[in-house]
Structures are given as C-alpha cells and as structure tokens.
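Reproduced below: structure35.cif, with mmCIF, C-alpha atoms.
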```cif
data_entry
loop_
_atom_site.label_atom_id
_atom_site.label_comp_id
_atom_site.auth_asym_id
_atom_site.auth_seq_id
_atom_site.Cartn_x
_atom_site.Cartn_y
_atom_site.Cartn_z
CA MET J 29 -61.18 -171.70 126.68
CA GLU J 30 -61.59 -170.59 123.10
CA ILE J 31 -60.35 -172.54 120.11
CA ILE J 32 -61.20 -171.33 116.64
CA LEU J 33 -60.55 -173.69 113.77
CA SER J 34 -60.60 -172.85 110.11
CA SER J 35 -61.20 -175.67 107.71
CA ALA J 36 -60.26 -173.41 104.80
CA SER J 37 -56.80 -172.84 106.23
CA ASP J 38 -53.70 -174.44 104.82
CA ARG J 39 -52.48 -175.39 108.28
CA PRO J 40 -53.30 -178.87 109.53
CA ILE J 41 -56.09 -178.87 112.13
CA TYR J 42 -53.87 -180.43 114.82
CA GLU J 43 -51.41 -177.57 114.39
CA GLN J 44 -54.20 -175.02 114.71
CA ILE J 45 -55.18 -176.68 117.99
CA THR J 46 -51.65 -176.95 119.43
CA SER J 47 -50.69 -173.40 118.56
CA GLN J 48 -53.81 -171.92 120.15
CA ILE J 49 -53.46 -173.99 123.31
CA LYS J 50 -49.76 -173.07 123.51
CA GLU J 51 -50.65 -169.43 123.16
CA MET J 52 -53.25 -169.65 125.93
CA ILE J 53 -50.72 -171.31 128.22
CA MET J 54 -48.01 -168.79 127.46
CA LYS J 55 -50.36 -165.87 128.00
CA GLY J 56 -51.44 -167.42 131.28
CA GLU J 57 -55.06 -167.86 130.26
CA LEU J 58 -54.64 -171.52 131.06
CA LYS J 59 -53.03 -171.83 134.47
CA PRO J 60 -50.54 -174.48 135.50
CA GLY J 61 -52.37 -177.44 137.02
CA GLU J 62 -55.63 -176.60 135.26
CA ALA J 63 -57.48 -179.63 133.92
CA MET J 64 -57.70 -179.99 130.14
CA PRO J 65 -60.73 -181.60 128.48
CA SER J 66 -60.22 -185.23 127.56
CA MET J 67 -59.09 -185.97 124.01
CA ARG J 68 -62.44 -187.52 123.18
CA LYS J 69 -64.43 -184.68 124.66
CA LEU J 70 -62.36 -182.10 122.80
CA ALA J 71 -62.77 -184.03 119.54
CA LYS J 72 -66.51 -184.18 120.06
CA ASP J 73 -66.85 -180.51 120.91
CA LEU J 74 -64.57 -179.27 118.14
CA HIS J 75 -66.22 -181.61 115.62
CA VAL J 76 -62.89 -183.08 114.60
CA SER J 77 -61.51 -186.58 114.54
CA VAL J 78 -60.15 -188.03 117.76
CA ILE J 79 -56.99 -188.81 115.77
CA THR J 80 -56.53 -185.06 115.33
CA THR J 81 -56.88 -184.22 119.02
CA GLN J 82 -54.68 -187.16 119.95
CA ARG J 83 -51.94 -185.83 117.69
CA ALA J 84 -52.37 -182.32 119.12
CA TYR J 85 -52.16 -183.60 122.71
CA ASP J 86 -49.19 -185.81 121.89
CA ASP J 87 -47.32 -182.79 120.54
CA LEU J 88 -48.27 -180.66 123.55
CA VAL J 89 -47.07 -183.38 125.92
CA LYS J 90 -43.85 -183.77 123.94
CA ASP J 91 -43.20 -180.03 124.11
CA GLY J 92 -43.91 -180.02 127.84
CA PHE J 93 -47.02 -177.84 127.83
CA ILE J 94 -49.35 -180.42 129.28
CA VAL J 95 -48.96 -183.61 131.27
CA THR J 96 -51.10 -186.71 131.30
CA VAL J 97 -51.69 -188.39 134.62
CA PRO J 98 -52.95 -191.95 134.12
CA ALA J 99 -56.57 -192.43 135.26
CA LYS J 100 -56.75 -188.76 136.31
CA GLY J 101 -56.66 -186.79 133.09
CA THR J 102 -54.61 -184.17 131.34
CA PHE J 103 -53.36 -180.99 132.97
CA VAL J 104 -51.45 -177.86 132.09
CA SER J 105 -47.90 -178.48 133.28
CA ALA J 106 -46.44 -176.57 136.14
CA GLN J 107 -43.75 -174.69 134.27
CA ASN J 108 -41.78 -171.55 134.82
CA GLN J 109 -41.12 -168.41 132.85
CA ASP J 110 -37.78 -169.77 131.64
CA PHE J 111 -39.57 -172.52 129.86
CA ILE J 112 -41.88 -170.12 128.09
CA ARG J 113 -39.00 -167.89 127.12
CA GLU J 114 -37.11 -170.84 125.78
CA GLU J 115 -40.09 -171.89 123.71
CA ASN J 116 -40.36 -168.40 122.29
CA LEU J 117 -36.63 -168.31 121.50
CA ARG J 118 -37.07 -171.60 119.70
CA ARG J 119 -39.88 -170.13 117.63
CA ILE J 120 -37.83 -167.03 116.81
CA GLU J 121 -34.94 -169.16 115.68
CA LYS J 122 -37.25 -171.18 113.47
CA LEU J 123 -38.78 -168.09 111.88
CA LEU J 124 -35.37 -166.49 111.33
CA SER J 125 -34.00 -169.63 109.77
CA ASP J 126 -36.96 -169.68 107.39
CA ALA J 127 -36.22 -166.09 106.50
CA ALA J 128 -32.52 -166.85 106.06
CA SER J 129 -33.11 -169.77 103.73
CA LEU J 130 -35.59 -167.77 101.68
CA GLY J 131 -33.01 -164.98 101.53
CA ARG J 132 -30.28 -167.35 100.34
CA GLU J 133 -32.57 -168.78 97.66
CA ASN J 134 -33.08 -165.29 96.36
CA GLY J 135 -29.45 -164.35 96.54
CA LEU J 136 -29.62 -161.89 99.41
CA SER J 137 -26.45 -161.29 101.40
CA LEU J 138 -26.31 -161.43 105.19
CA GLU J 139 -25.90 -157.65 105.36
CA GLU J 140 -29.01 -157.12 103.28
CA LEU J 141 -30.97 -159.43 105.54
CA GLU J 142 -29.65 -157.72 108.64
CA LYS J 143 -30.68 -154.39 107.20
CA THR J 144 -34.21 -155.71 106.63
CA LEU J 145 -34.38 -157.04 110.18
CA GLU J 146 -33.15 -153.74 111.54
CA LEU J 147 -35.84 -151.96 109.57
CA VAL J 148 -38.73 -154.15 110.77
CA TYR J 149 -37.39 -154.22 114.34
CA THR J 150 -37.34 -150.45 114.70
CA GLU J 151 -40.57 -150.03 112.81
CA ASP J 152 -42.87 -151.36 115.53
CA MET G 24 -59.75 -206.21 121.94
CA GLU G 25 -58.04 -203.41 120.04
CA HIS G 26 -60.23 -203.49 116.96
CA ALA G 27 -63.98 -203.41 116.48
CA ILE G 28 -63.64 -204.95 113.04
CA GLN G 29 -60.66 -206.82 111.71
CA VAL G 30 -60.73 -208.23 108.20
CA LYS G 31 -57.99 -210.00 106.23
CA ASN G 32 -58.41 -211.09 102.63
CA LEU G 33 -62.16 -211.24 102.63
CA THR G 34 -63.41 -212.38 99.25
CA LYS G 35 -66.91 -212.85 97.96
CA THR G 36 -67.57 -213.96 94.41
CA TYR G 37 -70.76 -213.54 92.47
CA LYS G 38 -71.21 -214.46 88.82
CA ASP G 39 -70.49 -210.97 87.60
CA PHE G 40 -68.88 -209.32 90.62
CA THR G 41 -66.02 -210.04 92.98
CA LEU G 42 -65.29 -208.43 96.30
CA ASP G 43 -61.57 -208.83 96.03
CA HIS G 44 -59.32 -209.62 99.01
CA ILE G 45 -60.49 -206.89 101.34
CA SER G 46 -58.26 -206.19 104.34
CA PHE G 47 -58.71 -203.44 106.91
CA ASP G 48 -59.01 -202.77 110.63
CA LEU G 49 -61.44 -200.49 112.39
CA PRO G 50 -59.74 -199.41 115.64
CA ARG G 51 -61.98 -199.41 118.66
CA GLY G 52 -63.45 -196.03 119.54
CA THR G 53 -63.34 -194.59 116.04
CA ILE G 54 -65.64 -193.93 113.09
CA MET G 55 -64.82 -195.33 109.67
CA GLY G 56 -66.62 -194.12 106.57
CA LEU G 57 -66.94 -196.48 103.62
CA ILE G 58 -67.23 -194.73 100.28
CA GLY G 59 -67.58 -195.95 96.70
CA GLU G 60 -69.79 -195.66 93.66
CA ASN G 61 -73.01 -197.62 93.23
CA GLY G 62 -72.11 -201.24 92.68
CA ALA G 63 -68.61 -200.85 94.15
CA GLY G 64 -69.43 -203.54 96.71
CA LYS G 65 -70.17 -201.53 99.84
CA SER G 66 -73.33 -203.37 100.82
CA THR G 67 -71.77 -206.69 99.85
CA LEU G 68 -68.91 -205.95 102.21
CA ILE G 69 -71.20 -204.85 105.02
CA ASN G 70 -73.43 -207.91 104.64
CA ALA G 71 -70.37 -210.16 104.69
CA ILE G 72 -69.01 -208.50 107.83
CA LEU G 73 -72.38 -208.82 109.56
CA GLY G 74 -72.51 -212.48 108.61
CA ILE G 75 -75.71 -211.95 106.61
CA SER G 76 -74.07 -213.45 103.56
CA GLY G 77 -71.23 -215.96 103.47
CA SER G 78 -67.72 -215.15 102.33
CA GLU G 79 -64.19 -216.53 102.25
CA TYR G 80 -61.52 -214.96 104.41
CA ASP G 81 -58.28 -215.44 106.31
CA GLN G 82 -59.63 -213.42 109.19
CA ALA G 83 -62.94 -211.67 109.83
CA ASP G 84 -63.56 -210.67 113.43
CA ILE G 85 -66.24 -208.39 114.74
CA LEU G 86 -65.74 -207.19 118.33
CA GLY G 87 -63.16 -209.93 118.62
CA TYR G 88 -65.43 -212.77 117.49
CA ASP G 89 -65.10 -214.69 114.24
CA ILE G 90 -68.13 -213.79 112.13
CA SER G 91 -69.13 -217.25 111.02
CA THR G 92 -68.26 -219.39 114.02
CA HIS G 93 -68.82 -216.98 116.93
CA GLY G 94 -70.96 -214.25 115.35
CA ARG G 95 -73.82 -214.81 117.75
CA TYR G 96 -71.69 -213.68 120.71
CA ALA G 97 -71.24 -210.30 119.08
CA ARG G 98 -74.85 -209.86 118.04
CA GLU G 99 -76.01 -208.35 121.31
CA ASP G 100 -73.40 -205.62 120.97
CA VAL G 101 -73.85 -204.80 117.31
CA ALA G 102 -76.58 -202.66 115.80
CA ALA G 103 -77.06 -202.43 112.05
CA ILE G 104 -79.25 -199.92 110.26
CA PHE G 105 -80.06 -199.94 106.56
CA CYS G 106 -81.75 -197.40 104.33
CA ASP G 107 -85.21 -198.72 105.06
CA SER G 108 -86.80 -200.34 108.07
CA HIS G 109 -86.65 -204.09 108.35
CA PHE G 110 -89.25 -204.26 111.12
CA ASP G 111 -92.77 -205.51 110.45
CA LEU G 112 -94.68 -202.51 109.13
CA GLU G 113 -97.75 -203.38 111.20
CA PHE G 114 -95.82 -202.61 114.41
CA THR G 115 -96.07 -199.37 116.33
CA PRO G 116 -92.96 -197.91 118.03
CA LEU G 117 -94.50 -198.76 121.40
CA PHE G 118 -95.06 -202.41 120.51
CA LEU G 119 -91.63 -202.62 118.93
CA GLY G 120 -90.03 -201.46 122.18
CA LYS G 121 -91.93 -204.06 124.15
CA MET G 122 -90.81 -206.78 121.77
CA LEU G 123 -87.16 -205.72 121.58
CA SER G 124 -86.97 -205.54 125.37
CA LYS G 125 -87.46 -209.32 125.29
CA VAL G 126 -84.85 -209.77 122.57
CA TYR G 127 -81.94 -207.76 123.97
CA LYS G 128 -80.51 -208.35 127.41
CA ASN G 129 -79.26 -204.77 127.56
CA TRP G 130 -82.48 -203.14 126.39
CA ASP G 131 -83.03 -199.76 128.01
CA GLN G 132 -86.69 -198.81 127.79
CA LYS G 133 -86.15 -195.33 129.18
CA THR G 134 -83.50 -194.50 126.58
CA TYR G 135 -85.83 -195.80 123.90
CA MET G 136 -88.76 -193.66 125.03
CA ASP G 137 -86.46 -190.63 125.33
CA TYR G 138 -85.27 -191.11 121.77
CA LEU G 139 -88.84 -191.51 120.46
CA GLU G 140 -89.70 -188.23 122.08
CA LYS G 141 -86.53 -186.50 120.96
CA PHE G 142 -87.14 -187.63 117.36
CA ASP G 143 -90.82 -186.52 117.47
CA LEU G 144 -92.07 -190.02 116.74
CA PRO G 145 -95.70 -190.87 117.51
CA PHE G 146 -95.76 -193.84 119.91
CA LYS G 147 -98.87 -195.44 118.49
CA LYS G 148 -98.63 -194.95 114.77
CA ARG G 149 -98.01 -198.04 112.65
CA LEU G 150 -94.69 -198.05 110.80
CA LYS G 151 -96.47 -198.47 107.47
CA LYS G 152 -98.19 -195.13 107.98
CA MET G 153 -94.87 -193.38 108.59
CA SER G 154 -92.59 -191.72 106.06
CA THR G 155 -89.25 -193.35 105.17
CA GLY G 156 -87.42 -190.79 107.27
CA MET G 157 -89.56 -191.50 110.31
CA ARG G 158 -89.03 -195.23 109.94
CA VAL G 159 -85.27 -194.72 109.85
CA LYS G 160 -85.57 -192.65 113.00
CA VAL G 161 -87.37 -195.56 114.68
CA GLU G 162 -84.47 -197.77 113.60
CA PHE G 163 -82.00 -195.40 115.22
CA ALA G 164 -84.01 -195.18 118.41
CA ALA G 165 -84.17 -198.97 118.60
CA ALA G 166 -80.52 -199.45 117.68
CA LEU G 167 -79.22 -197.03 120.29
CA SER G 168 -81.43 -198.43 123.04
CA HIS G 169 -79.80 -201.85 123.36
CA ARG G 170 -76.47 -200.20 124.15
CA PRO G 171 -74.45 -201.50 121.21
CA LYS G 172 -70.69 -201.21 121.02
CA LEU G 173 -70.58 -201.23 117.25
CA LEU G 174 -72.96 -199.37 114.97
CA VAL G 175 -73.05 -200.42 111.33
CA LEU G 176 -74.89 -198.02 109.05
CA ASP G 177 -75.47 -198.90 105.40
CA GLU G 178 -76.74 -195.78 103.62
CA ALA G 179 -78.94 -195.32 106.67
CA THR G 180 -78.88 -191.54 106.51
CA SER G 181 -79.48 -191.10 102.79
CA GLY G 182 -83.24 -190.60 103.08
CA LEU G 183 -83.02 -188.06 105.89
CA ASP G 184 -83.23 -184.30 105.72
CA PRO G 185 -80.15 -182.15 106.44
CA VAL G 186 -81.40 -180.99 109.82
CA PHE G 187 -81.97 -184.48 111.16
CA ARG G 188 -78.71 -185.72 109.61
CA ASP G 189 -76.94 -182.98 111.51
CA GLU G 190 -78.67 -184.09 114.72
CA LEU G 191 -77.63 -187.62 113.95
CA LEU G 192 -73.99 -186.62 113.53
CA ASP G 193 -74.14 -185.16 117.04
CA ILE G 194 -75.62 -188.43 118.29
CA LEU G 195 -72.76 -190.34 116.65
CA ARG G 196 -70.21 -187.95 118.20
CA ASP G 197 -71.78 -188.54 121.59
CA PHE G 198 -71.78 -192.26 120.94
CA THR G 199 -68.06 -192.43 120.15
CA GLU G 200 -67.07 -190.24 123.08
CA ASP G 201 -67.03 -193.61 124.82
CA GLU G 202 -63.81 -195.25 123.72
CA ASP G 203 -65.48 -198.67 123.54
CA HIS G 204 -67.91 -197.52 120.86
CA SER G 205 -67.18 -197.73 117.14
CA VAL G 206 -69.07 -196.89 113.97
CA PHE G 207 -68.78 -198.32 110.47
CA ILE G 208 -70.80 -196.19 108.08
CA SER G 209 -71.32 -196.25 104.33
CA SER G 210 -72.80 -193.15 102.78
CA HIS G 211 -73.12 -191.34 99.50
CA ILE G 212 -73.43 -188.14 101.44
CA THR G 213 -69.70 -187.71 101.70
CA SER G 214 -70.03 -184.27 103.30
CA ASP G 215 -71.37 -186.06 106.39
CA LEU G 216 -68.28 -188.23 106.45
CA ASP G 217 -66.09 -185.12 106.11
CA LYS G 218 -67.62 -184.03 109.37
CA ILE G 219 -67.32 -187.16 111.47
CA ALA G 220 -65.08 -189.86 110.01
CA ASP G 221 -61.79 -190.75 111.67
CA TYR G 222 -60.94 -193.13 108.84
CA ILE G 223 -62.04 -193.39 105.23
CA ALA G 224 -62.08 -196.63 103.28
CA TYR G 225 -62.56 -196.30 99.54
CA LEU G 226 -64.00 -199.21 97.61
CA HIS G 227 -63.87 -199.17 93.80
CA GLU G 228 -65.06 -202.05 91.61
CA GLY G 229 -64.78 -204.56 94.42
CA LYS G 230 -61.25 -203.53 95.40
CA LEU G 231 -60.20 -201.44 98.35
CA GLN G 232 -58.30 -198.46 96.92
CA PHE G 233 -57.14 -197.06 100.22
CA VAL G 234 -57.85 -196.90 103.91
CA SER G 235 -56.56 -193.70 105.41
CA SER G 236 -57.11 -191.54 108.43
CA TYR G 237 -59.15 -188.46 107.62
CA ASP G 238 -56.34 -186.36 108.99
CA ASP G 239 -53.87 -187.74 106.49
CA LEU G 240 -56.29 -187.20 103.64
CA ARG G 241 -56.82 -183.63 104.68
CA ASN G 242 -53.18 -182.87 105.30
CA ASN G 243 -51.78 -184.58 102.22
CA TYR G 244 -54.33 -184.05 99.48
CA GLY G 245 -55.19 -180.75 97.92
CA ILE G 246 -56.39 -179.29 94.65
CA ILE G 247 -54.52 -176.83 92.46
CA SER G 248 -55.97 -175.02 89.48
CA CYS G 249 -53.20 -174.13 87.09
CA GLY G 250 -52.11 -173.59 83.51
CA GLN G 251 -50.07 -175.80 81.20
CA GLN G 252 -46.74 -174.33 82.25
CA PHE G 253 -47.23 -174.92 85.94
CA PHE G 254 -48.67 -178.36 85.30
CA ASP G 255 -45.55 -179.36 83.38
CA ALA G 256 -43.37 -178.10 86.21
CA LEU G 257 -45.10 -180.23 88.84
CA SER G 258 -43.28 -183.35 89.90
CA ARG G 259 -45.18 -186.30 88.44
CA GLU G 260 -45.13 -188.21 91.68
CA ASP G 261 -46.98 -185.44 93.50
CA ILE G 262 -49.94 -185.73 91.14
CA ALA G 263 -52.58 -188.21 92.28
CA ALA G 264 -54.86 -187.45 89.33
CA TYR G 265 -55.74 -184.53 87.14
CA ARG G 266 -58.55 -183.26 84.98
CA LYS G 267 -57.97 -181.18 81.88
CA GLU G 268 -60.58 -178.53 81.56
CA ALA G 269 -61.27 -176.05 78.79
CA TYR G 270 -58.95 -173.32 80.03
CA SER G 271 -56.98 -174.94 82.82
CA TYR G 272 -55.89 -178.03 84.68
CA ARG G 273 -57.38 -179.15 87.97
CA VAL G 274 -54.81 -181.24 89.78
CA LEU G 275 -55.30 -183.44 92.82
CA ILE G 276 -51.97 -183.46 94.62
CA ASN G 277 -51.02 -185.94 97.31
CA ASN G 278 -48.06 -184.19 98.86
CA ARG G 279 -49.37 -180.89 99.99
CA GLN G 280 -46.83 -180.04 102.69
CA LYS G 281 -43.88 -180.63 100.38
CA LEU G 282 -45.42 -178.58 97.60
CA ARG G 283 -46.19 -175.82 100.05
CA GLN G 284 -42.49 -175.54 100.83
CA VAL G 285 -41.53 -175.35 97.17
CA PHE G 286 -44.28 -173.03 96.01
CA GLN G 287 -45.23 -170.66 98.77
CA ASP G 288 -47.66 -168.48 96.90
CA ILE G 289 -49.92 -170.93 95.13
CA GLN G 290 -53.50 -171.47 96.19
CA ILE G 291 -54.07 -175.01 97.38
CA GLU G 292 -57.70 -175.82 97.99
CA ASN G 293 -58.70 -178.42 100.52
CA ALA G 294 -59.84 -181.63 98.88
CA SER G 295 -63.07 -183.04 100.25
CA ILE G 296 -63.79 -186.76 100.23
CA GLU G 297 -66.05 -186.17 97.27
CA ASP G 298 -63.25 -184.42 95.36
CA ILE G 299 -60.85 -187.29 96.03
CA MET G 300 -63.42 -189.87 94.95
CA VAL G 301 -64.35 -188.04 91.74
CA PHE G 302 -60.71 -187.47 90.84
CA TYR G 303 -59.90 -191.13 91.40
CA VAL G 304 -62.71 -192.30 89.15
CA LYS G 305 -62.92 -189.64 86.48
CA GLY G 306 -59.53 -187.98 86.60
CA GLU G 307 -56.54 -189.04 84.55
CA LYS G 308 -53.43 -190.52 86.05
CA VAL G 309 -50.00 -189.42 84.94
CA GLN G 310 -47.86 -192.09 83.32
#
```
Taking this structure as input, can you express it in the form of structure tokens?
Amino acid sequence: MEIILSSASDRPIYEQITSQIKEMIMKGELKPGEAMPSMRKLAKDLHVSVITTQRAYDDLVKDGFIVTVPAKGTFVSAQNQDFIREENLRRIEKLLSDAASLGRENGLSLEELEKTLELVYTED
Amino acid sequence: MEHAIQVKNLTKTYKDFTLDHISFDLPRGTIMGLIGENGAGKSTLINAILGISGSEYDQADILGYDISTHGRYAREDVAAIFCDSHFDLEFTPLFLGKMLSKVYKNWDQKTYMDYLEKFDLPFKKRLKKMSTGMRVKVEFAAALSHRPKLLVLDEATSGLDPVFRDELLDILRDFTEDEDHSVFISSHITSDLDKIADYIAYLHEGKLQFVSSYDDLRNNYGIISCGQQFFDALSREDIAAYRKEAYSYRVLINNRQKLRQVFQDIQIENASIEDIMVFYVKGEKVQ
C-alpha cells in the first residue's frame, strides 16, 4: 500500500489519506476483506497525528469503504461494483455542481457550459 | 481514565508572575506540545502538574490521581525529563540502572541496557564526564525503562543534535502507538512539535491562549502575502493577526477553507506552529 502525503498541499492531510485509500479500493489494489493497518500504526508510519488518521478512518467507514470489527481490526468492506459506480457518480455530480456554480458566478449560460463540457468530453 | 492529565483553573502566584486559571485536558494516547516564550510559565505549569511545586486548583489529576493528595500513586507511571540530568553526576549508567531497579517496581533492565547500547552510551563512564546531550540520553534511557504511561518532557530535547532529536521523535511515535501512553512536551524547537504533536497548547504571559488539535491548526490557519487592496478586501474576522512589511502585508488567516472557496487562485501558505506563535506575539490584531 502506497500513501503519499504532501505537507505543502492545500488539502487537509486526512483528505489526502481518504482519497488515496478510496482510489486504491476502487482500483482493486486493496481487496475486499483485506486488513487495514490500525489507526495508531498508520499514524506512526505516516508521521501524522492519530487524530488525522482517526478522522480519515471515520470518513472511510461512513462512506462504506472500510468496516471496523471490534477487537479484530479494520477491513476493506465487501462491496460490489454498483457501490463503486455510485461513489463515482456522486463525485461527478459534485464536480459538475462546482463547475455550474462557478459558471453562474461568471454569468455563463447553461448552453455555454454544455458546449464546454461537450468540447472537453470529446477531446480525450 | 479518559485523560492522562486533567486540569481545571490551576493558578500559581509568584510576586511578579501569575499562572492564571489554566484549564486543559490531555486525552490518553496522545501527544500535547506546550509552547510559549521564555517566561510564559511553561516550566511553572509543568512543575505544578508534577506536584513539584504547590498550586491552587479546582481540579488537577494526573493519570486519574489528584496531584497533591494521591500523586504518589501516579509516580510509578510517570517519567519526567528536564533539560539537564538530575541524577548524581558521580554515577555511571550501569550503577544508575542498578539503583533504579530498586526504585521502580516495573524496571526493565534489558530495555535499559538496550537503550544504552542504541544511544551509544558508555556503561562505565561517570555522568560528570559526559556531554549534556549524552546525559539527556541517559535520562531518556532511564525514563523509558520503567515503563511509564505518561512522559513529561520540559525542554528535554533542546540540547540535542538534529539527528538524535529525529531518532527521539521515532521513539515517541513508538511510545504512543500504545493507546495507554501519553506525552506532554514543552519545547522551543517548534518544528519538532509540528512533526509529532496531536495537540498544541499555547501559553503566553501566564495565560493559556488556546489548546487546539494540530489538525485544526493546520486546516484552519494559513498565511497570505498580499497588497493593500487585497488586505482591505479581506473580512476582518478571518484575520487572526497581520504584519505590515515594507512592500506588502503578511496575514495570518484563521479560516482557510472558507477563504479558499471565495478566492480560488490565491496562494495560501501553511502556517507552522512557529508562524502562529510569532504572529500572535508580534503581529497586529485588527480592531
């Protein structure tokens, strides 16, 4: 498992941790049922506060990516492709809504935004 | 016992200095860094918590025991290290180990010898012949060998070189991997605290300015360099303190995420503990 943190980044450390773990789970690098390091071990190894890893794990549990079994540890949840797709759809919606609100602030019409989306969609 | 240290309204008055109604909790299993200028009251606070000097308080518990009435119950589980050795300087590390094994019920001779070796300390050299740094290392070896639950460090690392301090940070990380272990550390080397502290307590002129998790400090504070126009546009309540420099303003903001949403393109630097401390003391507050 690889987690790369940047202390110069604007993003909070716990977010950097959650997003990288989420990505590993969605890509299948972390398999369902696989054991996660304990919060304290992860904090120690990443050289961050245990409050940070606790927050990251709390968010991952809340979003259903990992489960905590009392006295056993933390594991990647056994989830299906639908779940992952749903999570991705949620992210897309969030990104689009950011784009929409930025567009509104700058006086762009819906058509103009659609045109931009069309352009970037066909570009790749 | 949820907290390693729990203090409510602790007050200590000297002729020309008052430690003023200090209240804070150190949750079990975490590291709290105590920062403040010289004379801010850090050592006074630490001595009061350890029961070395008397104080008035509503509550002052260490590992769940009241410091003045039941302090002796906690003593076995607390290790305190100061900036210089308090052992007799005629002792050798070997003799010291023998003696301490009679003092502490939980003394672990093997751990002690392992630490002496790890720290490159000669077993049979008298403490008075050692450098300050070596003596502090002996203190650490001794402190960690009676299996304490709470480590209290008062400027203990200040005389140590960067390489050993780094090693020490790893030792502290190992130490707190056990959720029963806590650390209360005062240090002028705030960069060390940036690396390990879970909580930061800031003492200024005998008063506690804030106790905050390191995460919150990092996520909320930030520094912006800007010109007059931008400075005037900033909401006053987002400015913790600012410094006017020759050609620009340096602004310590306390609401980074909100500002990030409003201004997406500005550079916001991370504020270190040192930055926050210097801004608080030397920066100007907005009216």
Exercise. Give me, as an NGL selection string, the contact residues of chain G against chain J at a cut-off of 10 Å, counting only C-alpha atoms.
Key: :G and (52-54 or 192-193 or 195-202 or 217-222 or 236-239 or 241-243 or 245 or 279-280 or 283 or 290-293)
Quiz item: Nearest to Ala127 (chain J) among J:Glu57, J:Glu30, J:Glu43, J:Glu140, with distances taken over all atoms listed in the file: which residue is it?
Solution: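 Closest residue, counting all atoms listed in the file: J:Glu140.
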Quiz item: Excluding same-chain residues fewer than 6 positions from region 56-64 of chain G, what lies within 9 Å of it counting only C-alpha atoms, as a PyMOL selection string?
Solution: chain G and resi 40-42+206-211+213+216+219-230+296+300
Quiz item: What residues have an atom no more than 12 Å from (-74.3, -214.3, 99.7) in the file's own frame, counting only C-alpha atoms, and can you write them as a list of chain:residue names?
Solution: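 Here is the list of nearby residues: G:Thr34, G:Lys35, G:Thr36, G:Tyr37, G:Lys38, G:Phe40, G:Thr41, G:Leu42, G:Ser66, G:Thr67, G:Leu68, G:Ile69, G:Asn70, G:Ala71, G:Ile72, G:Leu73, G:Gly74, G:Ile75, G:Ser76, G:Gly77, G:Ser78, G:Glu79.
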Self-check item: Polymer residues at most 10 Å from Glu115 (chain J), all atoms listed in the file, same-chain spacing of 4 or more positions, as a list in words
Solution: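 What passes the distance filter is Lys50, Met54, Asp91, Gly92, Gln109, Asp110, Phe111, Arg119, Ile120 and Glu121 of chain J.
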Self-check item: Non-local contacts of Ile212 (chain G) (9 Å; all atoms listed in the file; under 3 positions in same chain excluded) as a list of chain:residue names
Solution: G:Glu178, G:Thr180, G:Ser181, G:Ser209, G:Asp215, G:Leu216, G:Glu297
Exercise. I need the residue set behind the PyMOL selection byres ((chain G and resi 120-131) around 9) for this file; please write it as a list in words.
Key: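 So the PyMOL selection byres ((chain G and resi 120-131) around 9), applied here, picks out Glu99, Asp100, Thr115, Pro116, Leu117, Phe118, Leu119, Gln132, Lys133, Thr134, Tyr135, Met136, Ala165, Ser168, His169, Arg170 and Pro171 of chain G.
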Kindly export the residues of the current selection with C-alpha atoms, as a PDB file, in the frame of the given file.
```
ATOM      1  CA  GLU G  99     -76.010-208.350 121.310  1.00  0.00           C
ATOM      2  CA  ASP G 100     -73.400-205.620 120.970  1.00  0.00           C
ATOM      3  CA  THR G 115     -96.070-199.370 116.330  1.00  0.00           C
ATOM      4  CA  PRO G 116     -92.960-197.910 118.030  1.00  0.00           C
ATOM      5  CA  LEU G 117     -94.500-198.760 121.400  1.00  0.00           C
ATOM      6  CA  PHE G 118     -95.060-202.410 120.510  1.00  0.00           C
ATOM      7  CA  LEU G 119     -91.630-202.620 118.930  1.00  0.00           C
ATOM      8  CA  GLN G 132     -86.690-198.810 127.790  1.00  0.00           C
ATOM      9  CA  LYS G 133     -86.150-195.330 129.180  1.00  0.00           C
ATOM     10  CA  THR G 134     -83.500-194.500 126.580  1.00  0.00           C
ATOM     11  CA  TYR G 135     -85.830-195.800 123.900  1.00  0.00           C
ATOM     12  CA  MET G 136     -88.760-193.660 125.030  1.00  0.00           C
ATOM     13  CA  ALA G 165     -84.170-198.970 118.600  1.00  0.00           C
ATOM     14  CA  SER G 168     -81.430-198.430 123.040  1.00  0.00           C
ATOM     15  CA  HIS G 169     -79.800-201.850 123.360  1.00  0.00           C
ATOM     16  CA  ARG G 170     -76.470-200.200 124.150  1.00  0.00           C
ATOM     17  CA  PRO G 171     -74.450-201.500 121.210  1.00  0.00           C
TER      18      PRO G 171
END
```
Quiz item: In terms of the shortest atom-to-atom distance over all atoms listed in the file, which of J:Thr46, J:Asn134, J:Asn116, J:Ser125 is closest to Ile94 (chain J)?
Solution: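 Between J:Thr46, J:Asn134, J:Asn116, J:Ser125, the residue approaching Ile94 (chain J) most closely is J:Thr46.
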Quiz item: By how many Å are CA of Val148 (chain J) and CA of Ser47 (chain J) apart?
Solution: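 Distance between the two atoms: 24.0 Å.
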Quiz item: Which is closer to Gly56 (chain J) than all the others in J:Gln44, J:Glu139, J:Glu114, J:Ala106, using only C-alpha atoms?
Solution: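 Under the stated criterion, the closest residue is J:Ala106.
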Quiz item: How many Å separate CA of Gln107 (chain J) from CA of Pro60 (chain J)?
Solution: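 Separation between CA of Gln107 (chain J) and CA of Pro60 (chain J): 6.9 Å.
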As AutoDock Vina command-line options, please: the centre and edge lengths in Å, to one decimal, of an axis-aligned box enclosing every listed atom of region 95-104 of chain J with 3 Å added on each side.
```
--center_x -52.9 --center_y -185.1 --center_z 133.8 --size_x 13.8 --size_y 20.6 --size_z 11.0
```
Practice problem: Would you kindly return, as a ChimeraX atom specification, each protein, DNA or RNA residue with an atom no farther than 12 Å from any atom of Gly61 (chain J), considering only C-alpha atoms and excluding same-chain residues fewer than 5 positions away? | Solution: /J:53,56,93-97,101-107
Self-check item: Nearest candidate to Phe286 (chain G) (options G:Val159, G:Glu307, G:Lys151, G:Phe253; using only C-alpha atoms)
Solution: G:Phe253
Quiz prompt | Residue nearest Asp177 (chain G) - candidates G:Asp107, G:Asp81, G:Asp203, G:Glu113, atoms counted: only C-alpha atoms | solution =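 Closest to Asp177 (chain G) of all the choices is G:Asp107.
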